[in-house]
file work37.pdb (PDB, C-alpha atoms, pLDDT in the B column)
ATOM      1  CA  MET A   5     -27.434 -14.175  27.287  1.00 64.00           C
ATOM      2  CA  ALA A   6     -26.191 -11.459  24.988  1.00 65.00           C
ATOM      3  CA  SER A   7     -28.953  -9.171  26.128  1.00 67.00           C
ATOM      4  CA  ARG A   8     -27.955  -9.696  29.751  1.00 69.00           C
ATOM      5  CA  ALA A   9     -24.331  -8.833  28.915  1.00 64.00           C
ATOM      6  CA  LEU A  10     -25.460  -5.747  27.026  1.00 68.00           C
ATOM      7  CA  ALA A  11     -27.649  -4.616  29.907  1.00 64.00           C
ATOM      8  CA  HIS A  12     -24.707  -5.094  32.250  1.00 70.00           C
ATOM      9  CA  CYS A  13     -22.487  -2.988  29.969  1.00 64.00           C
ATOM     10  CA  MET A  14     -25.062  -0.250  29.821  1.00 67.00           C
ATOM     11  CA  ARG A  15     -25.388  -0.206  33.572  1.00 73.00           C
ATOM     12  CA  SER A  16     -21.617   0.152  33.989  1.00 69.00           C
ATOM     13  CA  VAL A  17     -21.513   2.882  31.326  1.00 64.00           C
ATOM     14  CA  ALA A  18     -24.228   4.784  33.180  1.00 61.00           C
ATOM     15  CA  ARG A  19     -22.392   4.350  36.453  1.00 70.00           C
ATOM     16  CA  ALA A  20     -19.133   5.602  34.922  1.00 63.00           C
ATOM     17  CA  SER A  21     -20.775   8.582  33.293  1.00 56.00           C
ATOM     18  CA  ALA A  22     -22.598   9.487  36.489  1.00 58.00           C
ATOM     19  CA  ARG A  23     -19.293   9.328  38.308  1.00 61.00           C
ATOM     20  CA  LEU A  24     -17.524  11.553  35.817  1.00 56.00           C
ATOM     21  CA  ASN A  25     -20.312  14.068  35.987  1.00 49.00           C
ATOM     22  CA  HIS A  26     -20.767  14.594  32.281  1.00 50.00           C
ATOM     23  CA  GLY A  27     -23.344  16.960  30.908  1.00 46.00           C
ATOM     24  CA  ASN A  28     -26.913  16.063  30.242  1.00 48.00           C
ATOM     25  CA  MET A  29     -26.320  16.142  26.504  1.00 48.00           C
ATOM     26  CA  LEU A  30     -23.643  13.476  26.683  1.00 47.00           C
ATOM     27  CA  THR A  31     -25.654  10.876  28.502  1.00 46.00           C
ATOM     28  CA  ARG A  32     -28.681  11.532  26.349  1.00 48.00           C
ATOM     29  CA  SER A  33     -26.679  11.167  23.150  1.00 48.00           C
ATOM     30  CA  ALA A  34     -24.799   8.165  24.547  1.00 46.00           C
ATOM     31  CA  CYS A  35     -28.059   6.534  25.479  1.00 45.00           C
ATOM     32  CA  ALA A  36     -29.645   7.234  22.131  1.00 47.00           C
ATOM     33  CA  PRO A  37     -27.505   4.874  20.039  1.00 46.00           C
ATOM     34  CA  LEU A  38     -27.589   2.314  22.850  1.00 47.00           C
ATOM     35  CA  ALA A  39     -31.332   2.635  22.921  1.00 46.00           C
ATOM     36  CA  SER A  40     -31.559   1.528  19.314  1.00 45.00           C
ATOM     37  CA  ASN A  41     -29.718  -1.673  20.198  1.00 47.00           C
ATOM     38  CA  GLN A  42     -32.049  -2.398  23.033  1.00 46.00           C
ATOM     39  CA  ARG A  43     -35.003  -3.369  20.922  1.00 49.00           C
ATOM     40  CA  ALA A  44     -34.057  -6.997  21.261  1.00 45.00           C
ATOM     41  CA  LEU A  45     -33.879  -6.767  25.051  1.00 45.00           C
ATOM     42  CA  SER A  46     -36.414  -8.251  27.358  1.00 48.00           C
ATOM     43  CA  ALA A  47     -38.908  -6.108  29.197  1.00 48.00           C
ATOM     44  CA  VAL A  48     -36.986  -6.516  32.464  1.00 49.00           C
ATOM     45  CA  SER A  49     -33.879  -4.789  31.273  1.00 50.00           C
ATOM     46  CA  ARG A  50     -35.986  -2.148  29.575  1.00 52.00           C
ATOM     47  CA  GLY A  51     -37.497  -1.391  32.929  1.00 49.00           C
ATOM     48  CA  GLN A  52     -34.037  -1.185  34.450  1.00 54.00           C
ATOM     49  CA  ARG A  53     -32.948   1.195  31.710  1.00 54.00           C
ATOM     50  CA  THR A  54     -35.702   3.690  32.380  1.00 52.00           C
ATOM     51  CA  ARG A  55     -34.840   3.503  36.058  1.00 55.00           C
ATOM     52  CA  TRP A  56     -31.242   4.525  35.672  1.00 54.00           C
ATOM     53  CA  ILE A  57     -31.909   7.172  33.076  1.00 53.00           C
ATOM     54  CA  ASP A  58     -33.825   8.945  35.847  1.00 54.00           C
ATOM     55  CA  LEU A  59     -30.880   8.428  38.178  1.00 55.00           C
ATOM     56  CA  VAL A  60     -28.482   9.931  35.709  1.00 55.00           C
ATOM     57  CA  ARG A  61     -30.126  13.340  35.545  1.00 55.00           C
ATOM     58  CA  ILE A  62     -26.987  15.379  35.851  1.00 56.00           C
ATOM     59  CA  SER A  63     -26.598  19.016  36.381  1.00 55.00           C
ATOM     60  CA  GLY A  64     -23.677  20.977  35.140  1.00 57.00           C
ATOM     61  CA  PRO A  65     -22.348  22.362  31.919  1.00 64.00           C
ATOM     62  CA  SER A  66     -23.338  20.353  28.871  1.00 68.00           C
ATOM     63  CA  VAL A  67     -20.448  18.906  26.921  1.00 71.00           C
ATOM     64  CA  HIS A  68     -20.545  19.018  23.131  1.00 78.00           C
ATOM     65  CA  LEU A  69     -19.596  15.761  21.525  1.00 80.00           C
ATOM     66  CA  CYS A  70     -17.034  16.360  18.880  1.00 82.00           C
ATOM     67  CA  ARG A  71     -16.051  13.714  16.371  1.00 83.00           C
ATOM     68  CA  ARG A  72     -12.481  13.545  15.239  1.00 81.00           C
ATOM     69  CA  TYR A  73     -11.003  11.644  12.362  1.00 82.00           C
ATOM     70  CA  GLY A  74      -7.368  10.854  11.698  1.00 81.00           C
ATOM     71  CA  ASP A  75      -6.046  11.422   8.184  1.00 78.00           C
ATOM     72  CA  LEU A  76      -2.924  12.386   6.257  1.00 75.00           C
ATOM     73  CA  PRO A  77      -2.453  15.967   5.024  1.00 76.00           C
ATOM     74  CA  PRO A  78      -4.251  16.557   1.719  1.00 80.00           C
ATOM     75  CA  LEU A  79      -2.251  15.852  -1.438  1.00 82.00           C
ATOM     76  CA  THR A  80      -1.353  18.682  -3.770  1.00 87.00           C
ATOM     77  CA  LEU A  81       0.566  18.454  -7.038  1.00 89.00           C
ATOM     78  CA  GLU A  82       3.545  20.143  -5.441  1.00 89.00           C
ATOM     79  CA  ASN A  83       3.421  17.812  -2.461  1.00 88.00           C
ATOM     80  CA  ILE A  84       3.329  14.765  -4.725  1.00 91.00           C
ATOM     81  CA  GLN A  85       6.216  16.058  -6.785  1.00 91.00           C
ATOM     82  CA  ASP A  86       8.319  16.746  -3.684  1.00 91.00           C
ATOM     83  CA  ARG A  87       7.708  13.281  -2.356  1.00 91.00           C
ATOM     84  CA  VAL A  88       8.455  11.611  -5.696  1.00 91.00           C
ATOM     85  CA  MET A  89      11.735  13.522  -6.071  1.00 92.00           C
ATOM     86  CA  TYR A  90      12.648  12.752  -2.465  1.00 92.00           C
ATOM     87  CA  VAL A  91      12.175   9.024  -2.975  1.00 92.00           C
ATOM     88  CA  LEU A  92      14.180   9.160  -6.193  1.00 92.00           C
ATOM     89  CA  LYS A  93      17.032  11.009  -4.508  1.00 91.00           C
ATOM     90  CA  LEU A  94      17.169   8.306  -1.864  1.00 90.00           C
ATOM     91  CA  TYR A  95      17.545   5.622  -4.531  1.00 90.00           C
ATOM     92  CA  ASP A  96      21.157   4.601  -4.642  1.00 86.00           C
ATOM     93  CA  LYS A  97      21.512   4.229  -8.380  1.00 86.00           C
ATOM     94  CA  ILE A  98      20.494   7.809  -9.154  1.00 85.00           C
ATOM     95  CA  SER A  99      22.897  10.699  -8.665  1.00 85.00           C
ATOM     96  CA  PRO A 100      20.814  13.536  -7.166  1.00 84.00           C
ATOM     97  CA  ASP A 101      22.456  16.316  -9.155  1.00 84.00           C
ATOM     98  CA  LYS A 102      21.489  14.815 -12.505  1.00 84.00           C
ATOM     99  CA  LEU A 103      17.897  14.341 -11.466  1.00 87.00           C
ATOM    100  CA  GLN A 104      15.133  16.536 -12.862  1.00 86.00           C
ATOM    101  CA  THR A 105      11.431  16.016 -13.292  1.00 85.00           C
ATOM    102  CA  SER A 106      11.828  15.406 -16.981  1.00 88.00           C
ATOM    103  CA  SER A 107      14.795  13.058 -16.825  1.00 89.00           C
ATOM    104  CA  HIS A 108      14.001   9.765 -18.489  1.00 90.00           C
ATOM    105  CA  PHE A 109      15.016   6.774 -16.357  1.00 89.00           C
ATOM    106  CA  MET A 110      16.502   4.776 -19.172  1.00 89.00           C
ATOM    107  CA  LYS A 111      17.703   7.398 -21.613  1.00 88.00           C
ATOM    108  CA  ASP A 112      18.993  10.134 -19.266  1.00 88.00           C
ATOM    109  CA  LEU A 113      19.745   8.348 -16.013  1.00 88.00           C
ATOM    110  CA  GLY A 114      21.023   5.096 -17.492  1.00 88.00           C
ATOM    111  CA  LEU A 115      18.789   2.804 -15.466  1.00 90.00           C
ATOM    112  CA  ASP A 116      17.379  -0.451 -16.766  1.00 89.00           C
ATOM    113  CA  SER A 117      13.936  -1.999 -16.558  1.00 90.00           C
ATOM    114  CA  LEU A 118      14.690  -3.841 -13.291  1.00 92.00           C
ATOM    115  CA  ASP A 119      15.609  -0.511 -11.676  1.00 92.00           C
ATOM    116  CA  GLN A 120      12.442   1.003 -13.022  1.00 93.00           C
ATOM    117  CA  VAL A 121      10.432  -1.800 -11.362  1.00 93.00           C
ATOM    118  CA  GLU A 122      12.207  -1.059  -8.089  1.00 93.00           C
ATOM    119  CA  ILE A 123      11.488   2.661  -8.402  1.00 93.00           C
ATOM    120  CA  ILE A 124       7.790   2.062  -9.004  1.00 94.00           C
ATOM    121  CA  MET A 125       7.681  -0.294  -5.997  1.00 93.00           C
ATOM    122  CA  ALA A 126       9.263   2.466  -3.894  1.00 92.00           C
ATOM    123  CA  MET A 127       6.540   4.835  -5.104  1.00 92.00           C
ATOM    124  CA  GLU A 128       3.893   2.301  -4.142  1.00 93.00           C
ATOM    125  CA  ASP A 129       5.395   2.150  -0.644  1.00 91.00           C
ATOM    126  CA  GLU A 130       5.545   5.923  -0.368  1.00 90.00           C
ATOM    127  CA  PHE A 131       1.991   6.642  -1.479  1.00 89.00           C
ATOM    128  CA  GLY A 132       0.404   3.506  -0.081  1.00 89.00           C
ATOM    129  CA  PHE A 133      -1.496   2.175  -3.080  1.00 89.00           C
ATOM    130  CA  GLU A 134      -0.725  -0.496  -5.651  1.00 90.00           C
ATOM    131  CA  ILE A 135       0.159   0.337  -9.216  1.00 92.00           C
ATOM    132  CA  PRO A 136      -0.745  -2.459 -11.659  1.00 91.00           C
ATOM    133  CA  ASP A 137       1.937  -3.889 -13.941  1.00 89.00           C
ATOM    134  CA  ALA A 138       0.511  -2.676 -17.210  1.00 89.00           C
ATOM    135  CA  GLU A 139       0.510   0.953 -16.124  1.00 91.00           C
ATOM    136  CA  ALA A 140       3.706   0.736 -14.110  1.00 90.00           C
ATOM    137  CA  GLU A 141       5.920  -0.142 -17.045  1.00 87.00           C
ATOM    138  CA  LYS A 142       4.871   2.985 -18.949  1.00 90.00           C
ATOM    139  CA  LEU A 143       6.050   5.407 -16.250  1.00 90.00           C
ATOM    140  CA  MET A 144       9.482   6.474 -17.424  1.00 91.00           C
ATOM    141  CA  THR A 145      10.029   9.968 -16.028  1.00 91.00           C
ATOM    142  CA  PRO A 146       9.316  11.502 -12.611  1.00 92.00           C
ATOM    143  CA  GLU A 147       6.848  13.835 -14.303  1.00 91.00           C
ATOM    144  CA  GLU A 148       4.818  10.910 -15.606  1.00 91.00           C
ATOM    145  CA  ILE A 149       4.787   9.356 -12.150  1.00 92.00           C
ATOM    146  CA  VAL A 150       3.501  12.600 -10.625  1.00 92.00           C
ATOM    147  CA  LYS A 151       0.821  12.842 -13.291  1.00 91.00           C
ATOM    148  CA  TYR A 152      -0.244   9.237 -12.764  1.00 92.00           C
ATOM    149  CA  ILE A 153      -0.475   9.576  -8.992  1.00 91.00           C
ATOM    150  CA  ALA A 154      -2.388  12.835  -9.268  1.00 90.00           C
ATOM    151  CA  ASP A 155      -4.718  11.103 -11.689  1.00 89.00           C
ATOM    152  CA  LYS A 156      -5.311   8.164  -9.381  1.00 89.00           C
ATOM    153  CA  LYS A 157      -5.709  10.257  -6.267  1.00 87.00           C
ATOM    154  CA  ASP A 158      -7.977  12.867  -7.892  1.00 86.00           C
ATOM    155  CA  VAL A 159      -5.694  15.801  -7.242  1.00 83.00           C
ATOM    156  CA  TYR A 160      -6.541  18.795  -9.399  1.00 79.00           C
ATOM    157  CA  GLU A 161      -4.911  22.194  -9.616  1.00 65.00           C
TER
ATOM    158  CA  MET B   9       3.838  -2.763 -46.706  1.00 53.00           C
ATOM    159  CA  ALA B  10       6.271  -5.634 -46.892  1.00 57.00           C
ATOM    160  CA  VAL B  11       9.108  -3.500 -45.499  1.00 63.00           C
ATOM    161  CA  SER B  12       9.436  -3.815 -41.742  1.00 62.00           C
ATOM    162  CA  ARG B  13       9.674  -0.466 -40.001  1.00 70.00           C
ATOM    163  CA  LEU B  14      10.985  -1.886 -36.772  1.00 68.00           C
ATOM    164  CA  PRO B  15      14.593  -1.070 -35.869  1.00 68.00           C
ATOM    165  CA  ALA B  16      17.024  -3.962 -35.906  1.00 62.00           C
ATOM    166  CA  ALA B  17      17.352  -3.997 -32.115  1.00 66.00           C
ATOM    167  CA  ALA B  18      13.643  -4.519 -31.551  1.00 74.00           C
ATOM    168  CA  LEU B  19      12.721  -7.715 -29.806  1.00 78.00           C
ATOM    169  CA  SER B  20      10.749 -10.439 -31.463  1.00 85.00           C
ATOM    170  CA  LEU B  21       7.320 -11.158 -30.015  1.00 89.00           C
ATOM    171  CA  LYS B  22       8.575 -14.156 -28.052  1.00 86.00           C
ATOM    172  CA  GLN B  23      11.449 -12.168 -26.585  1.00 86.00           C
ATOM    173  CA  PHE B  24       9.138  -9.308 -25.752  1.00 87.00           C
ATOM    174  CA  LEU B  25       6.740 -11.630 -23.941  1.00 90.00           C
ATOM    175  CA  GLN B  26       9.601 -13.244 -22.095  1.00 90.00           C
ATOM    176  CA  ARG B  27      10.888  -9.845 -21.028  1.00 89.00           C
ATOM    177  CA  GLN B  28       7.450  -8.973 -19.715  1.00 91.00           C
ATOM    178  CA  LYS B  29       7.331 -12.249 -17.851  1.00 91.00           C
ATOM    179  CA  VAL B  30      10.705 -11.648 -16.227  1.00 92.00           C
ATOM    180  CA  LEU B  31       9.735  -8.138 -15.147  1.00 92.00           C
ATOM    181  CA  GLY B  32       6.427  -9.430 -13.781  1.00 92.00           C
ATOM    182  CA  LEU B  33       8.281 -12.105 -11.836  1.00 93.00           C
ATOM    183  CA  TYR B  34      10.675  -9.539 -10.399  1.00 93.00           C
ATOM    184  CA  ARG B  35       7.743  -7.402  -9.331  1.00 93.00           C
ATOM    185  CA  ASP B  36       5.889 -10.322  -7.734  1.00 93.00           C
ATOM    186  CA  LEU B  37       9.049 -11.329  -5.911  1.00 94.00           C
ATOM    187  CA  LEU B  38       9.541  -7.832  -4.540  1.00 93.00           C
ATOM    188  CA  ARG B  39       5.896  -7.628  -3.477  1.00 92.00           C
ATOM    189  CA  ASN B  40       6.155 -10.883  -1.577  1.00 93.00           C
ATOM    190  CA  ILE B  41       9.456  -9.881  -0.012  1.00 92.00           C
ATOM    191  CA  ARG B  42       7.670  -6.804   1.333  1.00 91.00           C
ATOM    192  CA  LYS B  43       5.482  -9.054   3.476  1.00 91.00           C
ATOM    193  CA  ILE B  44       8.389 -10.546   5.397  1.00 90.00           C
ATOM    194  CA  PRO B  45       8.272  -9.428   9.040  1.00 89.00           C
ATOM    195  CA  GLN B  46      11.975  -8.897   9.787  1.00 90.00           C
ATOM    196  CA  GLU B  47      13.626  -5.851   8.232  1.00 92.00           C
ATOM    197  CA  SER B  48      17.071  -7.506   8.060  1.00 94.00           C
ATOM    198  CA  ASP B  49      15.608 -10.549   6.272  1.00 91.00           C
ATOM    199  CA  ARG B  50      13.764  -8.273   3.891  1.00 92.00           C
ATOM    200  CA  ARG B  51      16.909  -6.378   2.997  1.00 92.00           C
ATOM    201  CA  TYR B  52      18.885  -9.563   2.535  1.00 94.00           C
ATOM    202  CA  LEU B  53      16.299 -11.099   0.212  1.00 93.00           C
ATOM    203  CA  ARG B  54      15.881  -7.882  -1.739  1.00 92.00           C
ATOM    204  CA  ASP B  55      19.625  -7.714  -2.338  1.00 92.00           C
ATOM    205  CA  TRP B  56      19.672 -11.385  -3.249  1.00 93.00           C
ATOM    206  CA  ALA B  57      16.847 -10.973  -5.777  1.00 92.00           C
ATOM    207  CA  ARG B  58      18.479  -7.883  -7.281  1.00 92.00           C
ATOM    208  CA  GLU B  59      21.831  -9.693  -7.579  1.00 92.00           C
ATOM    209  CA  GLU B  60      20.320 -12.742  -9.230  1.00 91.00           C
ATOM    210  CA  PHE B  61      18.330 -10.814 -11.781  1.00 91.00           C
ATOM    211  CA  LYS B  62      21.100  -8.392 -12.617  1.00 90.00           C
ATOM    212  CA  ARG B  63      23.725 -11.066 -12.967  1.00 90.00           C
ATOM    213  CA  ASN B  64      21.799 -12.927 -15.599  1.00 89.00           C
ATOM    214  CA  LYS B  65      20.504  -9.823 -17.311  1.00 86.00           C
ATOM    215  CA  SER B  66      22.632 -10.214 -20.429  1.00 86.00           C
ATOM    216  CA  GLU B  67      21.764 -13.835 -21.083  1.00 84.00           C
ATOM    217  CA  THR B  68      20.616 -14.365 -24.659  1.00 83.00           C
ATOM    218  CA  ASP B  69      20.205 -18.138 -24.942  1.00 87.00           C
ATOM    219  CA  GLN B  70      16.458 -18.730 -24.861  1.00 87.00           C
ATOM    220  CA  ASP B  71      16.670 -22.141 -23.206  1.00 90.00           C
ATOM    221  CA  VAL B  72      18.853 -20.829 -20.398  1.00 92.00           C
ATOM    222  CA  VAL B  73      16.516 -17.887 -19.920  1.00 91.00           C
ATOM    223  CA  ARG B  74      13.518 -20.182 -19.763  1.00 92.00           C
ATOM    224  CA  MET B  75      15.264 -22.376 -17.198  1.00 93.00           C
ATOM    225  CA  MET B  76      16.099 -19.356 -15.053  1.00 93.00           C
ATOM    226  CA  VAL B  77      12.525 -18.105 -15.284  1.00 93.00           C
ATOM    227  CA  THR B  78      11.303 -21.477 -14.026  1.00 95.00           C
ATOM    228  CA  GLN B  79      13.808 -21.333 -11.175  1.00 94.00           C
ATOM    229  CA  ALA B  80      12.579 -17.877 -10.237  1.00 93.00           C
ATOM    230  CA  GLN B  81       8.986 -19.082 -10.299  1.00 95.00           C
ATOM    231  CA  ASN B  82       9.902 -21.929  -7.952  1.00 96.00           C
ATOM    232  CA  HIS B  83      11.613 -19.504  -5.579  1.00 94.00           C
ATOM    233  CA  LEU B  84       8.558 -17.282  -5.663  1.00 94.00           C
ATOM    234  CA  GLU B  85       6.278 -20.218  -4.878  1.00 96.00           C
ATOM    235  CA  ASP B  86       8.499 -21.273  -1.964  1.00 95.00           C
ATOM    236  CA  LEU B  87       8.452 -17.735  -0.609  1.00 93.00           C
ATOM    237  CA  ARG B  88       4.705 -17.490  -0.955  1.00 94.00           C
ATOM    238  CA  LYS B  89       4.149 -20.824   0.764  1.00 95.00           C
ATOM    239  CA  SER B  90       6.499 -19.961   3.634  1.00 93.00           C
ATOM    240  CA  LEU B  91       4.748 -16.656   4.106  1.00 92.00           C
ATOM    241  CA  ALA B  92       1.360 -18.375   4.122  1.00 93.00           C
ATOM    242  CA  LEU B  93       2.560 -20.903   6.690  1.00 93.00           C
ATOM    243  CA  ALA B  94       4.050 -18.187   8.858  1.00 88.00           C
ATOM    244  CA  GLY B  95       0.719 -16.420   8.712  1.00 84.00           C
ATOM    245  CA  CYS B  96       1.828 -13.120   7.181  1.00 76.00           C
TER
END

call {"tool": "encode", "arguments": {"input": "work37.pdb", "output": "structure tokens"}}
result
Amino acid sequence: MASRALAHCMRSVARASARLNHGNMLTRSACAPLASNQRALSAVSRGQRTRWIDLVRISGPSVHLCRRYGDLPPLTLENIQDRVMYVLKLYDKISPDKLQTSSHFMKDLGLDSLDQVEIIMAMEDEFGFEIPDAEAEKLMTPEEIVKYIADKKDVYE
Amino acid sequence: MAVSRLPAAALSLKQFLQRQKVLGLYRDLLRNIRKIPQESDRRYLRDWAREEFKRNKSETDQDVVRMMVTQAQNHLEDLRKSLALAGC
């Protein structure tokens, strides 16, 4: 039953591509991965496939298939530092004028360990990866946070 | 060798472990609060958790601290169970 459904899909794909008048390259390359899935098909559908590949001989300019991937901009040390400082400035218990990369959370900024936990959670949200407890409690200045993130994300300068 | 080099304000081992436990609980609570779907609920619970922990920050009686830690663990379990039931 699955093979029948697959053959039906392929037929509709061929029909659609014939309608849209794609280049020869496209149908060939589209058929190639489909062809590998067809090994399980019965002989009947295989016969059908060869029939419509002949039908779909299309003239016209060939279209190059181009793969695209979505991703965030690459991290640099400066980028990480900007983002860390931005998140810290947004934190309500820190006054932005007293903040520097070397300011210690507890000694210079007067925060306590609960605030430090909150700050590290905010960093986790910003950079999208989890920081385990044992390493999180050692990060006491923005500089250390930047160094840790750069270490984890393999950012070299 | 017999002289202790630790400053007077250093915590004993038990206190240190308890402090670590409290911080771990706070972190787990915040992580679970993150999973809540509604932003207003999230903010409310975050403020509630912050208030609770900060209010009792200066407690020194070990029994009271232990009782509060147990309470926090129960709250965390309730939150986790509700989240599991709600399918988040």

call {"tool": "resolve_selection", "arguments": {"input": "work37.pdb", "expression": "the PyMOL selection byres ((chain A) within 12 of (chain B))", "output": "PyMOL selection string"}}
result
chain A and resi 115-126+128-129+134-138+140-141

call {"tool": "resolve_selection", "arguments": {"input": "work37.pdb", "expression": "the PyMOL selection byres ((chain A and resi 97) around 10)", "output": "list in words"}}
result
Leu92, Lys93, Leu94, Tyr95, Asp96, Ile98, Ser99, Pro100, Leu113, Gly114, Leu115 and Asp119 of chain A

call {"tool": "atom_distance", "arguments": {"input": "work37.pdb", "atom1": "CA of Trp56 (chain B)", "atom2": "CA of Ala94 (chain B)"}}
result
20.9 Å

call {"tool": "atom_distance", "arguments": {"input": "work37.pdb", "atom1": "CA of Leu25 (chain B)", "atom2": "CA of Thr145 (chain A)"}}
result
23.2 Å

call {"tool": "axis_aligned_box", "arguments": {"input": "work37.pdb", "around": "region 20-24 of chain B", "padding_each_side": "6 Å", "output": "JSON"}}
result
{"center_x": 9.4, "center_y": -11.7, "center_z": -28.6, "size_x": 16.1, "size_y": 16.8, "size_z": 17.7}

call {"tool": "closest_residue", "arguments": {"input": "work37.pdb", "among": "A:Tyr90, A:Lys142, A:Arg19, A:Leu81", "to": "Met110 (chain A)", "atoms": "all atoms listed in the file"}}
result
A:Lys142

call {"tool": "resolve_selection", "arguments": {"input": "work37.pdb", "expression": "the PyMOL selection byres ((chain B and resi 44-46) around 12)", "output": "CSV table (one decimal) with C-alpha atoms, in the coordinates of the input"}}
result
chain,number,residue,atom,x,y,z
B,37,LEU,CA,9.0,-11.3,-5.9
B,38,LEU,CA,9.5,-7.8,-4.5
B,39,ARG,CA,5.9,-7.6,-3.5
B,40,ASN,CA,6.2,-10.9,-1.6
B,41,ILE,CA,9.5,-9.9,0.0
B,42,ARG,CA,7.7,-6.8,1.3
B,43,LYS,CA,5.5,-9.1,3.5
B,47,GLU,CA,13.6,-5.9,8.2
B,48,SER,CA,17.1,-7.5,8.1
B,49,ASP,CA,15.6,-10.5,6.3
B,50,ARG,CA,13.8,-8.3,3.9
B,51,ARG,CA,16.9,-6.4,3.0
B,52,TYR,CA,18.9,-9.6,2.5
B,53,LEU,CA,16.3,-11.1,0.2
B,54,ARG,CA,15.9,-7.9,-1.7
B,87,LEU,CA,8.5,-17.7,-0.6
B,88,ARG,CA,4.7,-17.5,-1.0
B,90,SER,CA,6.5,-20.0,3.6
B,91,LEU,CA,4.7,-16.7,4.1
B,92,ALA,CA,1.4,-18.4,4.1
B,93,LEU,CA,2.6,-20.9,6.7
B,94,ALA,CA,4.0,-18.2,8.9
B,95,GLY,CA,0.7,-16.4,8.7
B,96,CYS,CA,1.8,-13.1,7.2

call {"tool": "atom_distance", "arguments": {"input": "work37.pdb", "atom1": "CA of Pro77 (chain A)", "atom2": "CA of Val159 (chain A)"}}
result
12.7 Å

call {"tool": "build_atoms", "arguments": {"input": "work37.pdb", "residues": "region 104-109 of chain A", "atoms": "all heavy atoms", "output": "PDB file, in the frame of the given file"}}
result
ATOM      1  N   GLN A 104      16.126  15.478 -12.658  1.00 86.00           N
ATOM      2  CA  GLN A 104      15.133  16.536 -12.862  1.00 86.00           C
ATOM      3  C   GLN A 104      13.801  15.863 -13.106  1.00 86.00           C
ATOM      4  O   GLN A 104      13.751  14.654 -13.318  1.00 86.00           O
ATOM      5  CB  GLN A 104      15.476  17.354 -14.106  1.00 86.00           C
ATOM      6  CG  GLN A 104      16.709  18.160 -13.995  1.00 86.00           C
ATOM      7  CD  GLN A 104      17.077  18.694 -15.367  1.00 86.00           C
ATOM      8  OE1 GLN A 104      16.484  18.311 -16.367  1.00 86.00           O
ATOM      9  NE2 GLN A 104      18.055  19.554 -15.403  1.00 86.00           N
ATOM     10  N   THR A 105      12.735  16.653 -13.129  1.00 85.00           N
ATOM     11  CA  THR A 105      11.431  16.016 -13.292  1.00 85.00           C
ATOM     12  C   THR A 105      11.265  15.411 -14.673  1.00 85.00           C
ATOM     13  O   THR A 105      10.466  14.498 -14.878  1.00 85.00           O
ATOM     14  CB  THR A 105      10.280  17.008 -13.077  1.00 85.00           C
ATOM     15  OG1 THR A 105      10.596  18.196 -13.775  1.00 85.00           O
ATOM     16  CG2 THR A 105      10.102  17.307 -11.620  1.00 85.00           C
ATOM     17  N   SER A 106      12.028  15.921 -15.632  1.00 88.00           N
ATOM     18  CA  SER A 106      11.828  15.406 -16.981  1.00 88.00           C
ATOM     19  C   SER A 106      12.888  14.390 -17.374  1.00 88.00           C
ATOM     20  O   SER A 106      12.942  13.978 -18.529  1.00 88.00           O
ATOM     21  CB  SER A 106      11.857  16.565 -17.969  1.00 88.00           C
ATOM     22  OG  SER A 106      13.070  17.278 -17.790  1.00 88.00           O
ATOM     23  N   SER A 107      13.732  13.991 -16.433  1.00 89.00           N
ATOM     24  CA  SER A 107      14.795  13.058 -16.825  1.00 89.00           C
ATOM     25  C   SER A 107      14.224  11.654 -16.971  1.00 89.00           C
ATOM     26  O   SER A 107      13.617  11.108 -16.066  1.00 89.00           O
ATOM     27  CB  SER A 107      15.932  13.077 -15.803  1.00 89.00           C
ATOM     28  OG  SER A 107      15.470  13.311 -14.511  1.00 89.00           O
ATOM     29  N   HIS A 108      14.483  11.097 -18.153  1.00 90.00           N
ATOM     30  CA  HIS A 108      14.001   9.765 -18.489  1.00 90.00           C
ATOM     31  C   HIS A 108      14.859   8.742 -17.754  1.00 90.00           C
ATOM     32  O   HIS A 108      16.082   8.852 -17.735  1.00 90.00           O
ATOM     33  CB  HIS A 108      14.133   9.576 -20.004  1.00 90.00           C
ATOM     34  CG  HIS A 108      13.383   8.418 -20.532  1.00 90.00           C
ATOM     35  ND1 HIS A 108      13.908   7.141 -20.595  1.00 90.00           N
ATOM     36  CD2 HIS A 108      12.141   8.323 -21.020  1.00 90.00           C
ATOM     37  CE1 HIS A 108      13.008   6.327 -21.103  1.00 90.00           C
ATOM     38  NE2 HIS A 108      11.934   7.008 -21.382  1.00 90.00           N
ATOM     39  N   PHE A 109      14.243   7.719 -17.149  1.00 89.00           N
ATOM     40  CA  PHE A 109      15.016   6.774 -16.357  1.00 89.00           C
ATOM     41  C   PHE A 109      16.037   6.040 -17.195  1.00 89.00           C
ATOM     42  O   PHE A 109      17.178   5.831 -16.800  1.00 89.00           O
ATOM     43  CB  PHE A 109      14.092   5.757 -15.693  1.00 89.00           C
ATOM     44  CG  PHE A 109      13.225   6.350 -14.636  1.00 89.00           C
ATOM     45  CD1 PHE A 109      11.915   5.972 -14.509  1.00 89.00           C
ATOM     46  CD2 PHE A 109      13.719   7.299 -13.764  1.00 89.00           C
ATOM     47  CE1 PHE A 109      11.109   6.512 -13.533  1.00 89.00           C
ATOM     48  CE2 PHE A 109      12.925   7.851 -12.782  1.00 89.00           C
ATOM     49  CZ  PHE A 109      11.613   7.452 -12.668  1.00 89.00           C
TER      50      PHE A 109
END
